Structures are given as structure tokens and as C-alpha cells.
Amino acid sequence: MNQKRRTWRPLALIIILAFLALVLIWLWPDVQRQQRYIRAAATLLASAAVAFVWFFFLSPAAIRIRLVALVAVILSIFAVVSTVRIRGVTGDLVPILEFRWSSHRSDPPPGPAFTSTHTPISSGNSADFPQFYGPHRNAVLDAPLLHTNWATHPPRILWRQPVGPAWSGFAIVNNFAVTQEQYGQDESVVCYDLFTGRRLWTHSDVARYFTTIAGEGPRATPTISSNPVFAFGSTGILNCLDLATGKLLWSRNTAQEHNASIPEWGFSSSPLFLDGQVIVGVGGANSHSLAAYNAIDGQFLWGAGSGGAGYSSPIAATLLGDEQILIFGSRSLRSFSPLGVQLWEHLWPGNQPRVSLPVIVNSNQVLISSGYGAGAALIEISSVQSASTTNWSASPIWKSIALKSKFAPIFVKNDYIYGLDDGILACVELKTGQRRWKDGRFGHGQGLLVAGLILLTSERGEVILIEPNPEKLIELGRFQVFTSKTWNPPALAGEYLLIRNDREAACLKLQEEARTLSEH
């Protein structure tokens, strides 16, 4: 082609086509938000590459200008790579960028741990929050009755301090608050005083999980059963520790024992304590997607299921009068007896992570939801008794894409479901699965249902109080705590709210008011 006949029209065409593609990506119906971002990024990168190739080889620009542009692009890429890094992604898979010289806590806090003078008490205390999502592992609490006017009675921060990276939450018994953190190559279980934030003890193992996308550190929340603390690390180490001192009572490397590979986002199963057993989701070649250990001495009791580990945690449920263990795994929702015998299974298509816990609606119905476009389903459980066995089955009542919970809990209240649908709060009819409304971009946060009110922690580090209402979103109060990504589940012990992310932890004192449970 003669250089005199070359024009800038192809560049204009590339820009116009890229713009139209972005508009189409964003307006195309029934596409999950994460996929929109991925496709938009791919479109921009492809368009930039095509534009650069055209500019360097086919544009009317003089060769000297092209060479200068090439050098400028190379230097710009080098400057960005040298000074900026990706620190994980948002819940919508958008990269979080930071300067490489930004420092984050990677070493243990200075000074010796404070020696506790307190004695642990039984987890029967009504103000305890002894495990992932609370006493019943369903993110639902009957108390306290929170004050609904945060303009006059806002939360008050009692303490706030840096912590090591992790996506774990807190388990609280008496004033012992236990979480997991990463310090360099050490994966640690750390106990703090609830009221002061003083570090009481630390137990560490040489173990580290890290990827650019998933981030660094352990993911599971510890479980406290009276005195012992059970903590499951991101590489598969299951520890039993003394709550008062942090002394190691026993430890098992479940990944090695079950020939299991570390999942893409790390082992994430918060231990379930049930009938003297400690149960975690493992997954591996030896067909042990669930593994149970004796809580006293750590002896292996049984393994059940097959396939790789998921990211949800096992829960205990009583369905049709029988005690069961449910796990939302890599391919399905499955039920096992307390001795590891599989009772029933409900397949859930797709290969994306399943994280949000199943919700027991009543004695024969279970609600599940997952993100990445999968949606939610209400499942009916039935059983037929024969002469020697009970035959179980599970069938869907409805399936809907109106609620796609990536990892936050979902709540059922007065025949309606409330939960984060791709980061936006949604209300769905329990009987039909049809959406009533969807409003408020809170991001991929977490939450609790406290005495009938939703206490939400947003991805942006806010605490938000919401009144569940089938007609519209009613926000009662909002309080900013952190300014960085907050995925960790909150813990509420009485009026004391512990929240954290992979950088900081804080204790908030919430105000109570004189109301009765019948009002909610």
C-alpha cells in the first residue's frame, strides 16, 4: 500500500467497534456481572493490540514516530509492572491494584502475647458466637435487639488494629476471640481479648497459601467447643488447641492423609463439631470429600463422599426426623448420616465454586444458592421406609436465577428470601423463586440476621442495618469501618461485633433498645 494513500480511518473504525462491543457486552441480558467485566477487559486488550499493530505497520505516521511510540509503550509497560501489582480481585473479579512498595503486615506483632487470666466457659452462653455463622451455623441470632436509629445511636469502635492476611472470621466464647492469620511462611491461629484486642496467644504452623487472584492466608473460621479450638488451615492442616493457652492438643494433615490437592482457592471448610466428631471438607483420590476425626485425640473415624473439595462448610441438620450432615460440594448438595453414610444427593450443574451454606427451611426443604450465574433452588427431601432401609431422595420445587449468592449467607423470613444477588440485595418469594425486588449495590459482603434485622457487612468495609421488607429495600443505618475489600464473615457476641478483612480487625459496640422479639 502506498503510504500517501494510508489514512487514520482504520483506527477510528477500531475505536468505534470496540465501543459498540462494550455497549453490547454491558446491555446483553442474562449475563453475570463477573463475565461482563472479563469480556470487557478482553475486548479492550484485543482492541489495543489490534490498534498498536495497525499503528506500527499500516498507519500513515512516519517511521520515526512509530519507533518512538513503540519505545514509549515498552517503557510504559515496564514502569507499570515495576511499580504496580495486583492484590487480589473484587467479588466481581476486577483486579485490585496497589503500588509494590505498599506494606502489609507479614510478621508477627511485636512483643510477647499477653498472658490470659480468664477461664473459658461453655459455649452454651447465649452471647457466644462459637463457630462460623454463629451458634447454629446459619447466620441467624435471636438477640440482641439492636437499636434501629443509628443517627442518634451509632455503633462505637472499641478497638481497631492490623492483623495478618486471611479470609477467616472470628469464633467467640466468653471473651476469647479466635481467628486465623498469615505471617510470612507461618499460618497462625490467634486468640484476642474481645474487649481490648490484646493478643492472648498464637499457634503457628509452617504453611502458606497464596495466589495473585485468591490472595493470601487461611480461609476457614475456627470452631470452639467448650474448651478445645478446632482450626482448619488453607493447606489442609487440622489443629485442636486449648482455648485458654493455645497449646496444641493434636494435629492432622488432612491433605496428605487423603491424597488431596489444595483447591484453587485453598481449603475453606470451617470445622463442624458434632457428637464428639470434628468434620471437615477435604476431597481427594481416596474418596473422602468429608473426613471425620475424634475430637478428643484426633483419631480418624470415617471418610465419605467422592470428588474434589468445595468451598462450603458442612452443616448439621435434622430432616424428616433424622440427623444429617449436609455439604454443598464441587458438583452437588449431598447428605450423610453422622457416621458418614450417604443418604441423598442433589446435582448442581457447572464447575464454578459453591460457597454459600445450605439453608434449612423446614423439616423437608433445603434452600441452596451459588454465584457465577447459577442461581438458587428450593429442594424437597423425601424418604420411603422399607423393611430394612430408608430410601432418600431430593427433588427441586423450583430453580431460579433471581438470587445468585457467591458466598454470603441467605435468609428466610416470613415466606421471603433475602440475600446478595451478584452483590445487590434481593428479595425472592420462597414459594415460587420469583424476585420481588433488587436494590442497593453492597458488593460481595457478608451478613447476619439479628432479631429479625439484617446486619450486613459490605465489600467496601461498611456495616449496614436493614429491615427485611418484601416491598422495598429499607436501610436503617450505615457505618463505615474499613476502606479495603472486606469478605470475612462477621461475628456478633451480645452487643459486640467483630469484623475483619485481610488487613485489619475491629470490635464495634452496637446499641440495644427496649423492643420485644414479637415486634420482629
# chains A, B, ... in the order shown; residues from 1 in each chain; ligands from 1
>>> closest_atom_pairs(of="range 391-421 of chain A", to="range 377-380 of chain A", cutoff="9 Å", atoms="only C-alpha atoms", output="JSON lines")
{"residue": "A:Ser393", "atom": "CA", "partner": "A:Glu380", "partner_atom": "CA", "distance": 8.4}
{"residue": "A:Ala394", "atom": "CA", "partner": "A:Glu380", "partner_atom": "CA", "distance": 5.6}
{"residue": "A:Ser395", "atom": "CA", "partner": "A:Glu380", "partner_atom": "CA", "distance": 5.4}
{"residue": "A:Pro396", "atom": "CA", "partner": "A:Ile379", "partner_atom": "CA", "distance": 4.3}
{"residue": "A:Ile397", "atom": "CA", "partner": "A:Leu378", "partner_atom": "CA", "distance": 5.5}
{"residue": "A:Trp398", "atom": "CA", "partner": "A:Leu378", "partner_atom": "CA", "distance": 5.6}
{"residue": "A:Lys399", "atom": "CA", "partner": "A:Ala377", "partner_atom": "CA", "distance": 4.2}
{"residue": "A:Ser400", "atom": "CA", "partner": "A:Ala377", "partner_atom": "CA", "distance": 6.2}
{"residue": "A:Ile401", "atom": "CA", "partner": "A:Ala377", "partner_atom": "CA", "distance": 8.7}
>>> write_last_selection(atoms="all heavy atoms", output="short mmCIF file (atom, residue, chain, number, x, y, z; two decimals), in the first residue's frame")
data_model
loop_
_atom_site.label_atom_id
_atom_site.label_comp_id
_atom_site.auth_asym_id
_atom_site.auth_seq_id
_atom_site.Cartn_x
_atom_site.Cartn_y
_atom_site.Cartn_z
N SER A 393 -34.55 -39.33 48.83
CA SER A 393 -34.48 -38.68 47.52
C SER A 393 -34.63 -37.17 47.69
O SER A 393 -35.16 -36.70 48.70
CB SER A 393 -35.57 -39.21 46.57
OG SER A 393 -36.87 -38.92 47.08
N ALA A 394 -34.13 -36.44 46.70
CA ALA A 394 -34.21 -34.98 46.71
C ALA A 394 -34.63 -34.50 45.33
O ALA A 394 -34.07 -34.94 44.32
CB ALA A 394 -32.86 -34.38 47.09
N SER A 395 -35.63 -33.64 45.29
CA SER A 395 -36.11 -33.12 44.01
C SER A 395 -36.40 -31.63 44.13
O SER A 395 -36.83 -31.16 45.19
CB SER A 395 -37.39 -33.86 43.58
OG SER A 395 -38.39 -33.74 44.59
N PRO A 396 -36.16 -30.86 43.06
CA PRO A 396 -36.36 -29.40 43.13
C PRO A 396 -37.83 -29.01 43.09
O PRO A 396 -38.60 -29.56 42.30
CB PRO A 396 -35.61 -28.89 41.89
CG PRO A 396 -35.65 -30.04 40.93
CD PRO A 396 -35.61 -31.29 41.77
N ILE A 397 -38.21 -28.09 43.94
CA ILE A 397 -39.54 -27.48 43.87
C ILE A 397 -39.50 -26.36 42.83
O ILE A 397 -40.41 -26.21 42.02
CB ILE A 397 -39.96 -26.93 45.24
CG1 ILE A 397 -40.06 -28.09 46.25
CG2 ILE A 397 -41.27 -26.17 45.16
CD1 ILE A 397 -40.34 -27.65 47.67
N TRP A 398 -38.44 -25.56 42.86
CA TRP A 398 -38.19 -24.56 41.82
C TRP A 398 -36.71 -24.26 41.74
O TRP A 398 -35.95 -24.52 42.65
CB TRP A 398 -38.98 -23.27 42.06
CG TRP A 398 -38.83 -22.60 43.41
CD1 TRP A 398 -39.72 -22.62 44.43
CD2 TRP A 398 -37.70 -21.81 43.87
NE1 TRP A 398 -39.24 -21.91 45.51
CE2 TRP A 398 -38.01 -21.39 45.19
CE3 TRP A 398 -36.49 -21.42 43.33
CZ2 TRP A 398 -37.14 -20.61 45.95
CZ3 TRP A 398 -35.62 -20.64 44.07
CH2 TRP A 398 -35.94 -20.23 45.36
N LYS A 399 -36.30 -23.73 40.59
CA LYS A 399 -34.94 -23.25 40.38
C LYS A 399 -35.05 -21.89 39.72
O LYS A 399 -35.86 -21.70 38.81
CB LYS A 399 -34.12 -24.20 39.52
CG LYS A 399 -32.65 -23.80 39.39
CD LYS A 399 -31.86 -24.79 38.55
CE LYS A 399 -30.37 -24.43 38.53
NZ LYS A 399 -30.12 -23.08 38.01
N SER A 400 -34.24 -20.94 40.20
CA SER A 400 -34.36 -19.57 39.73
C SER A 400 -32.99 -18.91 39.68
O SER A 400 -32.10 -19.24 40.47
CB SER A 400 -35.28 -18.78 40.68
OG SER A 400 -35.24 -17.40 40.40
N ILE A 401 -32.82 -17.98 38.74
CA ILE A 401 -31.58 -17.20 38.69
C ILE A 401 -31.78 -15.84 39.37
O ILE A 401 -30.95 -14.95 39.24
CB ILE A 401 -31.08 -17.00 37.24
CG1 ILE A 401 -32.12 -16.22 36.42
CG2 ILE A 401 -30.75 -18.32 36.59
CD1 ILE A 401 -31.58 -15.75 35.09
#
>>> residues_around(residues="Gln480 in chain A", least_positions_apart="5", cutoff="9 Å", atoms="only C-alpha atoms", output="list of chain:residue names")
A:Arg460, A:Gly461, A:Glu462, A:Val463, A:Ile464
>>> write_last_selection(atoms="N, CA, C and O atoms", output="tab-separated table (two decimals), in the first residue's frame")
chain	number	residue	atom	x	y	z
A	460	ARG	N	-17.10	-3.09	50.75
A	460	ARG	CA	-16.34	-1.85	50.92
A	460	ARG	C	-16.00	-1.56	52.38
A	460	ARG	O	-15.45	-0.50	52.69
A	461	GLY	N	-16.36	-2.46	53.29
A	461	GLY	CA	-16.00	-2.29	54.68
A	461	GLY	C	-17.00	-1.53	55.51
A	461	GLY	O	-16.67	-1.02	56.59
A	462	GLU	N	-18.26	-1.44	55.06
A	462	GLU	CA	-19.31	-0.77	55.82
A	462	GLU	C	-20.13	-1.79	56.61
A	462	GLU	O	-20.22	-2.96	56.22
A	463	VAL	N	-20.73	-1.34	57.69
A	463	VAL	CA	-21.73	-2.11	58.42
A	463	VAL	C	-23.07	-1.43	58.17
A	463	VAL	O	-23.22	-0.22	58.40
A	464	ILE	N	-24.06	-2.21	57.70
A	464	ILE	CA	-25.35	-1.64	57.30
A	464	ILE	C	-26.46	-2.41	58.00
A	464	ILE	O	-26.45	-3.65	58.02
>>> select_by_dssp(residues="range 209-418 of chain A", states="strand (DSSP E or B)", output="ChimeraX atom specification")
/A:210-211,215-216,223-224,228-232,237-242,248-253,272-274,277-281,290-294,300-304,315-319,322-328,332-336,342-347,359-362,365-370,375-385,390-400,411-413,416-418
>>> residues_around(residues="Val282 in chain A", least_positions_apart="6", cutoff="6 Å", atoms="only C-alpha atoms", output="ChimeraX atom specification")
/A:289-290,309
>>> write_last_selection(atoms="N, CA and C atoms", output="mmCIF file, in the first residue's frame")
data_model
loop_
_atom_site.group_PDB
_atom_site.id
_atom_site.type_symbol
_atom_site.label_atom_id
_atom_site.label_comp_id
_atom_site.auth_asym_id
_atom_site.auth_seq_id
_atom_site.Cartn_x
_atom_site.Cartn_y
_atom_site.Cartn_z
ATOM 1 N N SER A 289 -14.368 -36.827 50.469
ATOM 2 C CA SER A 289 -14.679 -35.405 50.372
ATOM 3 C C SER A 289 -15.061 -34.842 51.725
ATOM 4 N N LEU A 290 -15.547 -35.687 52.641
ATOM 5 C CA LEU A 290 -15.751 -35.333 54.038
ATOM 6 C C LEU A 290 -14.891 -36.255 54.894
ATOM 7 N N ALA A 309 -12.623 -31.110 46.814
ATOM 8 C CA ALA A 309 -13.205 -30.298 47.887
ATOM 9 C C ALA A 309 -13.903 -29.081 47.314
#
>>> residues_around(residues="Ile14 in chain A", least_positions_apart="2", cutoff="9 Å", atoms="only C-alpha atoms", output="PyMOL selection string")
chain A and resi 9-12+16-19+47-48+50-51
>>> write_last_selection(atoms="all heavy atoms", output="PDB file, in the first residue's frame")
ATOM      1  N   ARG A   9      -8.506   6.304   9.176  1.00  0.00           N
ATOM      2  CA  ARG A   9      -9.854   5.760   9.300  1.00  0.00           C
ATOM      3  C   ARG A   9      -9.881   4.389   9.981  1.00  0.00           C
ATOM      4  O   ARG A   9     -10.792   4.117  10.778  1.00  0.00           O
ATOM      5  CB  ARG A   9     -10.506   5.683   7.924  1.00  0.00           C
ATOM      6  CG  ARG A   9     -10.825   7.055   7.325  1.00  0.00           C
ATOM      7  CD  ARG A   9     -11.439   6.921   5.957  1.00  0.00           C
ATOM      8  NE  ARG A   9     -11.703   8.248   5.366  1.00  0.00           N
ATOM      9  CZ  ARG A   9     -12.149   8.437   4.123  1.00  0.00           C
ATOM     10  NH1 ARG A   9     -12.373   7.376   3.341  1.00  0.00           N
ATOM     11  NH2 ARG A   9     -12.358   9.658   3.677  1.00  0.00           N
ATOM     12  N   PRO A  10      -8.919   3.492   9.688  1.00  0.00           N
ATOM     13  CA  PRO A  10      -8.961   2.198  10.381  1.00  0.00           C
ATOM     14  C   PRO A  10      -8.894   2.330  11.901  1.00  0.00           C
ATOM     15  O   PRO A  10      -9.549   1.566  12.624  1.00  0.00           O
ATOM     16  CB  PRO A  10      -7.729   1.460   9.831  1.00  0.00           C
ATOM     17  CG  PRO A  10      -7.536   2.044   8.474  1.00  0.00           C
ATOM     18  CD  PRO A  10      -7.888   3.494   8.624  1.00  0.00           C
ATOM     19  N   LEU A  11      -8.114   3.293  12.388  1.00  0.00           N
ATOM     20  CA  LEU A  11      -8.054   3.493  13.834  1.00  0.00           C
ATOM     21  C   LEU A  11      -9.409   3.926  14.380  1.00  0.00           C
ATOM     22  O   LEU A  11      -9.851   3.446  15.440  1.00  0.00           O
ATOM     23  CB  LEU A  11      -6.992   4.536  14.176  1.00  0.00           C
ATOM     24  CG  LEU A  11      -6.816   4.831  15.675  1.00  0.00           C
ATOM     25  CD1 LEU A  11      -6.422   3.574  16.429  1.00  0.00           C
ATOM     26  CD2 LEU A  11      -5.790   5.933  15.876  1.00  0.00           C
ATOM     27  N   ALA A  12     -10.055   4.829  13.652  1.00  0.00           N
ATOM     28  CA  ALA A  12     -11.394   5.254  14.064  1.00  0.00           C
ATOM     29  C   ALA A  12     -12.362   4.079  14.067  1.00  0.00           C
ATOM     30  O   ALA A  12     -13.197   3.938  14.974  1.00  0.00           O
ATOM     31  CB  ALA A  12     -11.901   6.361  13.145  1.00  0.00           C
ATOM     32  N   ILE A  16     -14.515   2.626  17.223  1.00  0.00           N
ATOM     33  CA  ILE A  16     -15.983   2.525  17.153  1.00  0.00           C
ATOM     34  C   ILE A  16     -16.441   1.095  17.431  1.00  0.00           C
ATOM     35  O   ILE A  16     -17.391   0.857  18.193  1.00  0.00           O
ATOM     36  CB  ILE A  16     -16.482   3.000  15.777  1.00  0.00           C
ATOM     37  CG1 ILE A  16     -16.260   4.509  15.620  1.00  0.00           C
ATOM     38  CG2 ILE A  16     -17.963   2.668  15.589  1.00  0.00           C
ATOM     39  CD1 ILE A  16     -16.540   5.029  14.233  1.00  0.00           C
ATOM     40  N   LEU A  17     -15.747   0.097  16.812  1.00  0.00           N
ATOM     41  CA  LEU A  17     -16.135  -1.296  17.024  1.00  0.00           C
ATOM     42  C   LEU A  17     -15.938  -1.715  18.484  1.00  0.00           C
ATOM     43  O   LEU A  17     -16.755  -2.443  19.047  1.00  0.00           O
ATOM     44  CB  LEU A  17     -15.330  -2.209  16.092  1.00  0.00           C
ATOM     45  CG  LEU A  17     -15.670  -2.113  14.602  1.00  0.00           C
ATOM     46  CD1 LEU A  17     -14.744  -2.997  13.776  1.00  0.00           C
ATOM     47  CD2 LEU A  17     -17.128  -2.499  14.361  1.00  0.00           C
ATOM     48  N   ALA A  18     -14.837  -1.236  19.075  1.00  0.00           N
ATOM     49  CA  ALA A  18     -14.597  -1.554  20.485  1.00  0.00           C
ATOM     50  C   ALA A  18     -15.689  -0.954  21.355  1.00  0.00           C
ATOM     51  O   ALA A  18     -16.194  -1.614  22.285  1.00  0.00           O
ATOM     52  CB  ALA A  18     -13.230  -1.038  20.906  1.00  0.00           C
ATOM     53  N   PHE A  19     -16.070   0.274  21.086  1.00  0.00           N
ATOM     54  CA  PHE A  19     -17.124   0.927  21.867  1.00  0.00           C
ATOM     55  C   PHE A  19     -18.449   0.175  21.725  1.00  0.00           C
ATOM     56  O   PHE A  19     -19.146  -0.074  22.720  1.00  0.00           O
ATOM     57  CB  PHE A  19     -17.280   2.375  21.401  1.00  0.00           C
ATOM     58  CG  PHE A  19     -18.420   3.099  22.061  1.00  0.00           C
ATOM     59  CD1 PHE A  19     -18.307   3.562  23.356  1.00  0.00           C
ATOM     60  CD2 PHE A  19     -19.621   3.289  21.394  1.00  0.00           C
ATOM     61  CE1 PHE A  19     -19.359   4.211  23.980  1.00  0.00           C
ATOM     62  CE2 PHE A  19     -20.686   3.937  22.004  1.00  0.00           C
ATOM     63  CZ  PHE A  19     -20.545   4.401  23.301  1.00  0.00           C
ATOM     64  N   SER A  47      -8.563  -4.900  21.405  1.00  0.00           N
ATOM     65  CA  SER A  47      -8.647  -3.677  20.597  1.00  0.00           C
ATOM     66  C   SER A  47      -7.331  -2.891  20.647  1.00  0.00           C
ATOM     67  O   SER A  47      -6.854  -2.373  19.622  1.00  0.00           O
ATOM     68  CB  SER A  47      -9.793  -2.794  21.083  1.00  0.00           C
ATOM     69  OG  SER A  47     -11.024  -3.482  21.003  1.00  0.00           O
ATOM     70  N   ALA A  48      -6.742  -2.815  21.840  1.00  0.00           N
ATOM     71  CA  ALA A  48      -5.469  -2.110  21.980  1.00  0.00           C
ATOM     72  C   ALA A  48      -4.369  -2.809  21.191  1.00  0.00           C
ATOM     73  O   ALA A  48      -3.535  -2.152  20.550  1.00  0.00           O
ATOM     74  CB  ALA A  48      -5.090  -2.023  23.455  1.00  0.00           C
ATOM     75  N   VAL A  50      -4.754  -4.743  18.469  1.00  0.00           N
ATOM     76  CA  VAL A  50      -5.005  -4.521  17.039  1.00  0.00           C
ATOM     77  C   VAL A  50      -4.624  -3.097  16.644  1.00  0.00           C
ATOM     78  O   VAL A  50      -3.993  -2.863  15.601  1.00  0.00           O
ATOM     79  CB  VAL A  50      -6.485  -4.806  16.709  1.00  0.00           C
ATOM     80  CG1 VAL A  50      -6.812  -4.372  15.279  1.00  0.00           C
ATOM     81  CG2 VAL A  50      -6.789  -6.291  16.885  1.00  0.00           C
ATOM     82  N   ALA A  51      -4.984  -2.133  17.496  1.00  0.00           N
ATOM     83  CA  ALA A  51      -4.654  -0.738  17.199  1.00  0.00           C
ATOM     84  C   ALA A  51      -3.146  -0.520  17.154  1.00  0.00           C
ATOM     85  O   ALA A  51      -2.634   0.209  16.288  1.00  0.00           O
ATOM     86  CB  ALA A  51      -5.296   0.178  18.238  1.00  0.00           C
TER      87      ALA A  51
END
>>> residues_around(residues="Thr7 in chain A", least_positions_apart="5", cutoff="10 Å", atoms="only C-alpha atoms", output="list of chain:residue names")
A:Ala12, A:Leu58, A:Ser59, A:Pro60, A:Ala61
>>> residues_around(residues="Lys509 in chain A", least_positions_apart="6", cutoff="6 Å", atoms="only C-alpha atoms", output="PyMOL selection string")
chain A and resi 155-156+495-496
>>> residues_around(residues="range 217-232 of chain A", least_positions_apart="2", cutoff="6 Å", atoms="only C-alpha atoms", output="list in words")
Ser122, Ser123, Pro130, Gln131, Phe132, Pro165, Ala166, Trp167, Ser168, Gly169, Ala171, Gln182, Tyr209, Ser234, Ile237, Leu238, Asn239, Cys240, Leu241, Asp242, Leu243, Ser268, Ser269 and Ser270 of chain A
>>> select_by_dssp(residues="range 132-264 of chain A", states="alpha helix (DSSP H)", output="PyMOL selection string")
chain A and resi 254-257
>>> closest_residue(among="A:Trp8, A:Phe442, A:Trp54, A:Tyr416", to="Asn469 in chain A", atoms="only C-alpha atoms")
A:Tyr416
>>> closest_residue(among="A:Gly305, A:Pro95, A:Pro470, A:Pro409", to="Pro490 in chain A", atoms="only C-alpha atoms")
A:Pro409
>>> atom_distance(atom1="CA of Leu70 in chain A", atom2="CA of Phe56 in chain A")
7.7 Å
